[in-house]
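A.B. asks: Mind having a look at this structure? Questions to follow.
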Amino acid sequence: METVVWVVHIGAALGIIGLVLMQHGKGADMGAAFGSGSAGGLFGASGAANFLSRSTAALAAVFFCTSLLLTWFSGHHRPDNSVMDHAVITPAAPPVVAPLVAPVAPSHAGEIPK
């Protein structure tokens, strides 16, 4: 099920990219007003803009819904896998302390320092 949602999600994302790139900007309407645009196209004078904007809005809604579904899948369908879940905690061994023995200086009693 999650794989199907991923496929739909990626398809919606690519569809939104394509539809946004196909749409004309606001400056293109000014040129069409003076006769340089084609008013007799497949969708009519403003039909293409309405079709593209409605299709973009529909794909954006699909993208939003699949984003929510993928978020829900990531939070509810997987066990908690953490580094700390698999860590084995063992008590530390007490530190080995060397006995405190003062070094014994050699006895030089009776010698005269040179």
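Chain labels A, B, ... are given in the sequence in which chains occur in the structure tokens; within each chain residues are numbered consecutively from 1, and ligands are likewise numbered from 1 in the order shown.
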Give me the residues within 9 Å of Val8 in chain A as a PyMOL selection string, counting only C-alpha atoms and dropping any in the same chain fewer than 5 places off.
C.D. replies: chain A and resi 3+13+62-63+66
A.B. asks: Considering only C-alpha atoms, can you say which of A:Ile10, A:Ile16, A:Glu2, A:Pro95 comes closest to Phe73 in chain A?
C.D. replies: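 Looking only at the distances to Phe73 in chain A, the closest residue turns out to be A:Glu2.
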A.B. asks: So, counting only C-alpha atoms, which residue among A:Leu69, A:Gly25, A:Ala57, A:Gly15 is closest to Met1 in chain A?
C.D. replies: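 Looking only at the distances to Met1 in chain A, the closest residue turns out to be A:Leu69.
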A.B. asks: For a test of reading the model, state the distance in Å between CA of Ile17 in chain A and CA of Ser74 in chain A, rounded to one decimal.
C.D. replies: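 Calculated distance between CA of Ile17 in chain A and CA of Ser74 in chain A is 25.2 Å.
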A.B. asks: Quick one: pull the distance between CA of Arg54 in chain A and CA of Leu68 in chain A, Å, one decimal.
C.D. replies: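 A separation of 21.3 Å between them.
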A.B. asks: Could you please determine the separation between CA of Ala49 in chain A and CA of His24 in chain A in Å, to one decimal place?
C.D. replies: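 Separating CA of Ala49 in chain A from CA of His24 in chain A is a distance of 7.8 Å.
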